[in-house]
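Here is the structure we will look at, set down as structure tokens.
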Amino acid sequence: MRPLLFLDVDGVLNPDPPGPPDGYTIHHMRPAGYDGKHDKPLHVRLNRAHGALLQALPYDLVWATSWGADANTWIGPHLDLPELPVVSFPPSLGRTVRADRLWISYKTATLTAYAAGRPFAWVDDEITPLDNRWVREHRQTPALLHWVPPHTGLTDADFATLTEWAKSL
């Protein structure tokens, strides 16, 4: 069975650089959770080549983003991705305080539970060393938590890291 690849959108597929990065196009979007909150649409930067690169990876792709099911409607089509499974996250303030007063991403425990013992990689721009520590302490199967700089988004180096990790399993 192939490992899972949990995909975040903002900061990973939609970087926030000071200027438009090469290979990216800007798309104006109003996903369901965004309508009525702002007058202007979101300016989402996407690199169409990422769709083929993601599908070529030896993983089963899963959306792990605050976009939720909107990722299949608004993001996937611009990348030529098929409809992907979506992890549902509980309502949250973004980070959760643990009993030892350390902060971890609200996604961490949910993704670990969703994987149900399958190896997984997770690409996100909000992963911290504490998230890595929590996963190490709560899993027996391999997991790669791969931080992506939000100003660059996924790069060739990230795709190489994901490929090599999957091959190492």
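How things are named: the first chain in the structure tokens is A, the next is B, and so on; residues count from 1 in each chain; ligands count from 1 in the order shown.
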*strand (DSSP E or B) residues, from DSSP on the backbone, in segment 52-141 of chain A, as a PyMOL selection string*: chain A and resi 60-63+86+95-97+103-105+120-124
Produce a file of the selected residues containing N, CA and C atoms, as a JSON list (two decimals), in the first residue's frame.
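Generated output (result-v4.json):
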```
[["chain", "number", "residue", "atom", "x", "y", "z"],
["A", 60, "ASP", "N", -0.63, 8.26, -2.31],
["A", 60, "ASP", "CA", -2.05, 8.54, -2.49],
["A", 60, "ASP", "C", -2.27, 9.95, -1.93],
["A", 61, "LEU", "N", -2.72, 10.86, -2.77],
["A", 61, "LEU", "CA", -2.87, 12.26, -2.40],
["A", 61, "LEU", "C", -4.16, 12.50, -1.62],
["A", 62, "VAL", "N", -4.06, 13.37, -0.60],
["A", 62, "VAL", "CA", -5.21, 13.71, 0.24],
["A", 62, "VAL", "C", -5.11, 15.20, 0.57],
["A", 63, "TRP", "N", -6.22, 15.94, 0.41],
["A", 63, "TRP", "CA", -6.23, 17.34, 0.83],
["A", 63, "TRP", "C", -6.21, 17.40, 2.36],
["A", 86, "VAL", "N", -10.59, 14.28, 1.30],
["A", 86, "VAL", "CA", -10.38, 15.49, 2.08],
["A", 86, "VAL", "C", -10.41, 15.12, 3.56],
["A", 95, "ARG", "N", -4.03, 26.54, 16.43],
["A", 95, "ARG", "CA", -3.06, 25.75, 17.16],
["A", 95, "ARG", "C", -3.70, 25.34, 18.48],
["A", 96, "THR", "N", -3.25, 24.23, 19.00],
["A", 96, "THR", "CA", -3.85, 23.66, 20.19],
["A", 96, "THR", "C", -2.80, 23.61, 21.29],
["A", 97, "VAL", "N", -3.18, 24.00, 22.49],
["A", 97, "VAL", "CA", -2.25, 23.89, 23.61],
["A", 97, "VAL", "C", -2.43, 22.51, 24.25],
["A", 103, "TRP", "N", 2.66, 24.16, 22.03],
["A", 103, "TRP", "CA", 1.70, 24.35, 20.94],
["A", 103, "TRP", "C", 2.00, 23.40, 19.80],
["A", 104, "ILE", "N", 0.95, 22.77, 19.27],
["A", 104, "ILE", "CA", 1.08, 21.95, 18.08],
["A", 104, "ILE", "C", -0.01, 22.36, 17.10],
["A", 105, "SER", "N", 0.19, 22.06, 15.84],
["A", 105, "SER", "CA", -0.82, 22.37, 14.83],
["A", 105, "SER", "C", -2.10, 21.60, 15.13],
["A", 120, "PHE", "N", 2.85, 8.14, 6.14],
["A", 120, "PHE", "CA", 2.39, 9.34, 5.47],
["A", 120, "PHE", "C", 3.46, 10.42, 5.46],
["A", 121, "ALA", "N", 3.35, 11.28, 4.46],
["A", 121, "ALA", "CA", 4.11, 12.52, 4.40],
["A", 121, "ALA", "C", 3.09, 13.65, 4.45],
["A", 122, "TRP", "N", 3.49, 14.76, 5.05],
["A", 122, "TRP", "CA", 2.61, 15.91, 5.18],
["A", 122, "TRP", "C", 3.41, 17.13, 4.79],
["A", 123, "VAL", "N", 2.93, 17.89, 3.81],
["A", 123, "VAL", "CA", 3.59, 19.13, 3.41],
["A", 123, "VAL", "C", 2.71, 20.30, 3.85],
["A", 124, "ASP", "N", 3.33, 21.21, 4.61],
["A", 124, "ASP", "CA", 2.59, 22.34, 5.17],
["A", 124, "ASP", "C", 3.59, 23.43, 5.52]]
```
Write out as JSON lines the residues of segment 47-78 of chain A that have any atom within 10 Å of an atom of segment 144-157 of chain A, one row each with the nearest atom pair and its distance in Å to one decimal, counting only C-alpha atoms, sorted by chain and then rising number.
```
{"residue": "A:Asn47", "atom": "CA", "partner": "A:Leu154", "partner_atom": "CA", "distance": 9.4}
{"residue": "A:His50", "atom": "CA", "partner": "A:Leu154", "partner_atom": "CA", "distance": 8.2}
{"residue": "A:Leu53", "atom": "CA", "partner": "A:Asp156", "partner_atom": "CA", "distance": 9.4}
```
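As for atom CA of Trp134 of chain A and atom CA of Leu111 of chain A, they are spaced 11.7 Å apart.
Of note, atom CA of Pro15 of chain A and atom CA of His27 of chain A are spaced 12.6 Å apart.
Minimum atom-to-atom distances from A:Phe89, A:Tyr24, A:Pro58, A:Asp131 to Ser168 of chain A were compared using only C-alpha atoms, and the lowest value belongs to A:Pro58.
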*Quick one: everything within 10 Å of Ala49 of chain A, counting only C-alpha atoms, minus sequence neighbours fewer than 2 positions away in the same chain. Send it as a list in words.*
Gly23, Tyr24, Leu46, Asn47, Gly51, Ala52, Leu53, Leu54, His78, Leu79 and Asp80 of chain A
Go ahead and save the picked residues with C-alpha atoms, as a PDB file, in the first residue's frame.
```pdb
ATOM      1  CA  GLY A  23       5.568  29.443 -13.549  1.00  0.00           C
ATOM      2  CA  TYR A  24       2.612  30.593 -11.447  1.00  0.00           C
ATOM      3  CA  LEU A  46      -0.907  28.175  -8.650  1.00  0.00           C
ATOM      4  CA  ASN A  47       1.674  26.404 -10.778  1.00  0.00           C
ATOM      5  CA  GLY A  51      -0.511  18.741 -10.673  1.00  0.00           C
ATOM      6  CA  ALA A  52       1.479  16.347 -12.868  1.00  0.00           C
ATOM      7  CA  LEU A  53       4.409  16.379 -10.456  1.00  0.00           C
ATOM      8  CA  LEU A  54       2.136  15.499  -7.527  1.00  0.00           C
ATOM      9  CA  HIS A  78      -6.352  24.424 -12.023  1.00  0.00           C
ATOM     10  CA  LEU A  79      -3.725  21.731 -11.411  1.00  0.00           C
ATOM     11  CA  ASP A  80      -5.487  19.016 -13.435  1.00  0.00           C
TER      12      ASP A  80
END
```
*Separation of atom CA of Gly117 of chain A from atom CA of Trp165 of chain A, in Å and rounded to one decimal*: 16.8 Å
*Considering only C-alpha atoms, return as a PyMOL selection string whatever protein or nucleic-acid residues lie within 8 Å of Leu162 of chain A, sequence-local ones (same chain, fewer than 4 positions apart) excluded.*
chain A and resi 57+121+158+166
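Those residues in segment 79-165 of chain A carrying a DSSP assignment of alpha helix (DSSP H), computed from the backbone, are Lys107, Thr108, Ala109, Thr110, Leu111, Thr112, Ala113, Tyr114, Ala115, Pro129, Leu130, Asp131, Asn132, Arg133, Trp134, Val135, Arg136, Glu137, His138, Asp156, Ala157, Asp158, Phe159, Ala160, Thr161, Leu162, Thr163, Glu164 and Trp165 of chain A.
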Take the residues just selected and output them with N, CA and C atoms as a CSV table (one decimal), in the first residue's frame.
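Saved result, part-v7.csv, follows:
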```csv
chain,number,residue,atom,x,y,z
A,107,LYS,N,-3.9,20.4,13.1
A,107,LYS,CA,-3.9,19.3,12.1
A,107,LYS,C,-3.2,18.0,12.5
A,108,THR,N,-2.3,18.1,13.4
A,108,THR,CA,-1.3,17.0,13.7
A,108,THR,C,-2.0,15.7,14.2
A,109,ALA,N,-2.8,15.8,15.2
A,109,ALA,CA,-3.5,14.6,15.7
A,109,ALA,C,-4.5,14.1,14.7
A,110,THR,N,-5.2,15.0,14.0
A,110,THR,CA,-6.2,14.6,13.1
A,110,THR,C,-5.6,13.8,11.9
A,111,LEU,N,-4.5,14.3,11.4
A,111,LEU,CA,-3.8,13.6,10.3
A,111,LEU,C,-3.3,12.2,10.7
A,112,THR,N,-2.7,12.2,11.9
A,112,THR,CA,-2.2,11.0,12.5
A,112,THR,C,-3.3,9.9,12.6
A,113,ALA,N,-4.5,10.4,13.1
A,113,ALA,CA,-5.6,9.4,13.2
A,113,ALA,C,-6.1,9.0,11.8
A,114,TYR,N,-6.2,10.0,10.9
A,114,TYR,CA,-6.7,9.7,9.5
A,114,TYR,C,-5.8,8.6,8.9
A,115,ALA,N,-4.5,8.7,9.1
A,115,ALA,CA,-3.6,7.8,8.5
A,115,ALA,C,-3.8,6.3,9.0
A,129,PRO,N,8.8,21.9,15.0
A,129,PRO,CA,9.5,20.8,15.6
A,129,PRO,C,8.6,20.1,16.6
A,130,LEU,N,7.7,20.9,17.2
A,130,LEU,CA,6.8,20.2,18.2
A,130,LEU,C,5.8,19.3,17.5
A,131,ASP,N,5.4,19.6,16.3
A,131,ASP,CA,4.5,18.7,15.6
A,131,ASP,C,5.3,17.4,15.3
A,132,ASN,N,6.5,17.5,14.8
A,132,ASN,CA,7.4,16.4,14.6
A,132,ASN,C,7.5,15.5,15.8
A,133,ARG,N,7.8,16.2,16.9
A,133,ARG,CA,7.9,15.4,18.2
A,133,ARG,C,6.6,14.7,18.6
A,134,TRP,N,5.5,15.4,18.4
A,134,TRP,CA,4.2,14.7,18.8
A,134,TRP,C,4.0,13.5,17.9
A,135,VAL,N,4.2,13.6,16.6
A,135,VAL,CA,4.0,12.5,15.7
A,135,VAL,C,5.0,11.3,16.1
A,136,ARG,N,6.3,11.6,16.4
A,136,ARG,CA,7.2,10.6,16.8
A,136,ARG,C,6.7,9.9,18.0
A,137,GLU,N,6.1,10.6,19.0
A,137,GLU,CA,5.7,10.0,20.2
A,137,GLU,C,4.4,9.2,20.1
A,138,HIS,N,3.6,9.4,19.0
A,138,HIS,CA,2.3,8.8,18.9
A,138,HIS,C,2.1,7.9,17.7
A,156,ASP,N,11.4,22.1,-6.7
A,156,ASP,CA,11.9,20.8,-7.1
A,156,ASP,C,12.6,20.1,-6.0
A,157,ALA,N,13.2,20.8,-5.1
A,157,ALA,CA,13.9,20.2,-3.9
A,157,ALA,C,12.9,19.4,-3.1
A,158,ASP,N,11.7,20.0,-2.9
A,158,ASP,CA,10.6,19.4,-2.1
A,158,ASP,C,10.1,18.1,-2.7
A,159,PHE,N,9.9,18.2,-4.1
A,159,PHE,CA,9.5,17.0,-4.8
A,159,PHE,C,10.6,15.9,-4.7
A,160,ALA,N,11.8,16.3,-4.7
A,160,ALA,CA,12.9,15.3,-4.6
A,160,ALA,C,12.9,14.6,-3.2
A,161,THR,N,12.7,15.5,-2.2
A,161,THR,CA,12.7,15.0,-0.8
A,161,THR,C,11.5,14.0,-0.6
A,162,LEU,N,10.3,14.3,-1.2
A,162,LEU,CA,9.2,13.4,-1.0
A,162,LEU,C,9.4,12.1,-1.8
A,163,THR,N,10.0,12.2,-2.9
A,163,THR,CA,10.3,11.0,-3.7
A,163,THR,C,11.3,10.1,-3.0
A,164,GLU,N,12.4,10.7,-2.5
A,164,GLU,CA,13.4,9.9,-1.8
A,164,GLU,C,12.8,9.2,-0.5
A,165,TRP,N,12.0,10.0,0.2
A,165,TRP,CA,11.4,9.4,1.5
A,165,TRP,C,10.5,8.2,1.1
```
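Between Phe6 of chain A and the candidates A:Pro21, A:Pro85, A:Pro90, A:Pro142, the tightest atom-to-atom separation, counting only C-alpha atoms, involves A:Pro85.
Restricting the calculation to only C-alpha atoms, the smallest distance between Glu126 of chain A and any of A:Asn72, A:Ser88, A:Thr65, A:Gln140 is found for A:Thr65.
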_Need the shell around Leu42 of chain A: protein/DNA/RNA residues with any atom at most 8 Å away, counting only C-alpha atoms. Skip same-chain ones fewer than 3 positions apart. Format as an MDAnalysis selection string?_
chainID A and resid 27:30
